[in-house]
Amino acid sequence: MVEWDGRTFDLTPPFERRPMIDLVKEHAGVSVHPSDPVESLRKMCDDLDIPYDDHWGSGKLVLEIYEKTTEAKIEGPTFVCDYPLEVSPLARAHHGDPTLTERFELIVGGREIANAYSELNDPIEQRRRFEAQAALKDRGDAEAQGVDTDYLRALEYGLPPTGGMVWELIDWSCCWPASRRSER
């Protein structure tokens, strides 16, 4: 048991594993999928009072709906799985749905703690995704990336697996009670 932010969390494995779109249905009451037409997802965002940029595709809209309606409600610990391909350019496509990826984030107390994925190791597909990201960047998407030619060259030569877990913790001291910060 861990106490954090006035709440207690049981971090005893195994953690629940849930697809993102199932959690959105449960917490926001709407059915979403990256294969849905952009227009219908924009209407859903309008109905939910969620702002969006005109250049966002279906995958980014699904992620935005999840982040604005669902993520903060997940007490966890929960592995949120199957992120849209559009927002996961380095992740391998899902084995059962090509619009999703084999990516997960660990959510505890409504906050992302870790992010990981099965890495894409096909240099041709990786180039296509980088180029799609660069096009989004050119249209004003601040989160989109450009084409990383060095990475692509390494991948073409047989880049060894680079997967790992990135802990999304910038500075835990901001979460500690003020009386304990000096103990760091």
# chains A, B, ... in the order shown; residues from 1 in each chain; ligands from 1
>>> residues_around(residues="A:Thr78", least_positions_apart="2", cutoff="12 Å", atoms="only C-alpha atoms", output="JSON, numbers by chain")
{"A": [9, 10, 11, 12, 13, 14, 15, 16, 17, 18, 19, 20, 23, 71, 72, 73, 74, 75, 76, 80, 81, 104, 105, 106, 107, 108, 109, 110, 111, 112, 113, 114, 115]}
>>> residues_around(residues="A:Val38", least_positions_apart="4", cutoff="7 Å", atoms="only C-alpha atoms", output="list in words")
Arg42, Gly57 and Ser58 of chain A
>>> residues_around(residues="A:Asp54", least_positions_apart="3", cutoff="12 Å", atoms="only C-alpha atoms", output="list in words")
Val38, Glu39, Leu41, Arg42, Cys45, Pro51, Gly57, Ser58, Lys60, Leu61, Leu136, Arg139, Gly140 and Asp141 of chain A
>>> select_by_dssp(residues="stretch 10-174 of chain A", states="helix (DSSP H, G or I)", output="PyMOL selection string")
chain A and resi 20-28+38-47+58-69+71-73+85-87+123-138+149-156+172-174
>>> select_by_dssp(residues="chain A", states="strand (DSSP E or B)", output="ChimeraX atom specification")
/A:2-4,7-9,16-19,78-81,84,91,93,100-101,103-108,111-117,119,166-167
>>> write_last_selection(atoms="C-alpha atoms", output="PDB file, in the first residue's frame")
ATOM      1  CA  VAL A   2       1.214   3.455  -0.911  1.00  0.00           C
ATOM      2  CA  GLU A   3      -0.250   6.696   0.337  1.00  0.00           C
ATOM      3  CA  TRP A   4      -0.044   9.617  -2.058  1.00  0.00           C
ATOM      4  CA  ARG A   7      -5.222   8.565  -1.172  1.00  0.00           C
ATOM      5  CA  THR A   8      -4.059   4.988  -0.656  1.00  0.00           C
ATOM      6  CA  PHE A   9      -3.101   2.783  -3.605  1.00  0.00           C
ATOM      7  CA  GLU A  16      -5.577  -4.213 -14.411  1.00  0.00           C
ATOM      8  CA  ARG A  17      -5.121  -4.005 -18.223  1.00  0.00           C
ATOM      9  CA  ARG A  18      -7.776  -2.091 -20.162  1.00  0.00           C
ATOM     10  CA  PRO A  19      -8.011  -0.862 -23.760  1.00  0.00           C
ATOM     11  CA  THR A  78      -4.167   0.348 -14.539  1.00  0.00           C
ATOM     12  CA  PHE A  79      -2.296  -0.347 -17.737  1.00  0.00           C
ATOM     13  CA  VAL A  80      -4.194   1.597 -20.405  1.00  0.00           C
ATOM     14  CA  CYS A  81      -3.498  -0.275 -23.644  1.00  0.00           C
ATOM     15  CA  PRO A  84      -4.095   5.097 -31.662  1.00  0.00           C
ATOM     16  CA  ALA A  91       5.141   1.789 -31.684  1.00  0.00           C
ATOM     17  CA  ALA A  93       0.896  -1.740 -35.032  1.00  0.00           C
ATOM     18  CA  LEU A 100      -4.039   0.891 -32.898  1.00  0.00           C
ATOM     19  CA  THR A 101      -0.576   0.175 -31.493  1.00  0.00           C
ATOM     20  CA  ARG A 103       1.481   0.647 -26.433  1.00  0.00           C
ATOM     21  CA  PHE A 104       0.498   1.077 -22.808  1.00  0.00           C
ATOM     22  CA  GLU A 105       0.642   3.705 -20.118  1.00  0.00           C
ATOM     23  CA  LEU A 106       0.490   2.917 -16.428  1.00  0.00           C
ATOM     24  CA  ILE A 107      -2.051   5.172 -14.720  1.00  0.00           C
ATOM     25  CA  VAL A 108      -2.191   5.560 -10.944  1.00  0.00           C
ATOM     26  CA  ARG A 111      -1.802  10.326 -13.590  1.00  0.00           C
ATOM     27  CA  GLU A 112       0.515   8.730 -16.119  1.00  0.00           C
ATOM     28  CA  ILE A 113       3.395   7.025 -14.346  1.00  0.00           C
ATOM     29  CA  ALA A 114       4.984   5.047 -17.198  1.00  0.00           C
ATOM     30  CA  ASN A 115       4.750   4.767 -20.977  1.00  0.00           C
ATOM     31  CA  ALA A 116       6.023   1.824 -23.023  1.00  0.00           C
ATOM     32  CA  TYR A 117       5.388   0.040 -26.295  1.00  0.00           C
ATOM     33  CA  GLU A 119       8.846  -0.878 -30.885  1.00  0.00           C
ATOM     34  CA  VAL A 166      10.287   5.743 -19.459  1.00  0.00           C
ATOM     35  CA  TRP A 167       9.115   6.871 -16.063  1.00  0.00           C
TER      36      TRP A 167
END
>>> closest_residue(among="A:Asp5, A:Asp148, A:Asp53, A:Glu86", to="A:Arg127", atoms="only C-alpha atoms")
A:Asp148
>>> closest_residue(among="A:Asp97, A:Asp22, A:Glu156, A:Asp49", to="A:Lys68", atoms="only C-alpha atoms")
A:Asp49
>>> closest_residue(among="A:Ala135, A:Ala144, A:Ile124, A:Leu152", to="A:Pro89", atoms="only C-alpha atoms")
A:Ala144
>>> residues_around(residues="A:Thr69", least_positions_apart="2", cutoff="9 Å", atoms="only C-alpha atoms", output="CSV table (one decimal) with C-alpha atoms, in the first residue's frame")
chain,number,residue,atom,x,y,z
A,24,VAL,CA,-13.6,6.0,-22.7
A,27,HIS,CA,-16.1,6.8,-18.1
A,28,ALA,CA,-17.4,9.2,-20.8
A,48,LEU,CA,-18.2,17.1,-24.8
A,50,ILE,CA,-13.3,19.5,-25.8
A,64,GLU,CA,-7.9,14.0,-26.7
A,65,ILE,CA,-11.3,12.6,-25.7
A,66,TYR,CA,-9.6,10.0,-23.5
A,67,GLU,CA,-7.3,12.6,-21.9
A,71,GLU,CA,-7.6,9.6,-17.6
A,72,ALA,CA,-8.1,11.6,-14.4
A,73,LYS,CA,-10.9,9.2,-13.3
>>> atom_distance(atom1="atom CA of A:Val147", atom2="atom CA of A:Val62")
24.0 Å
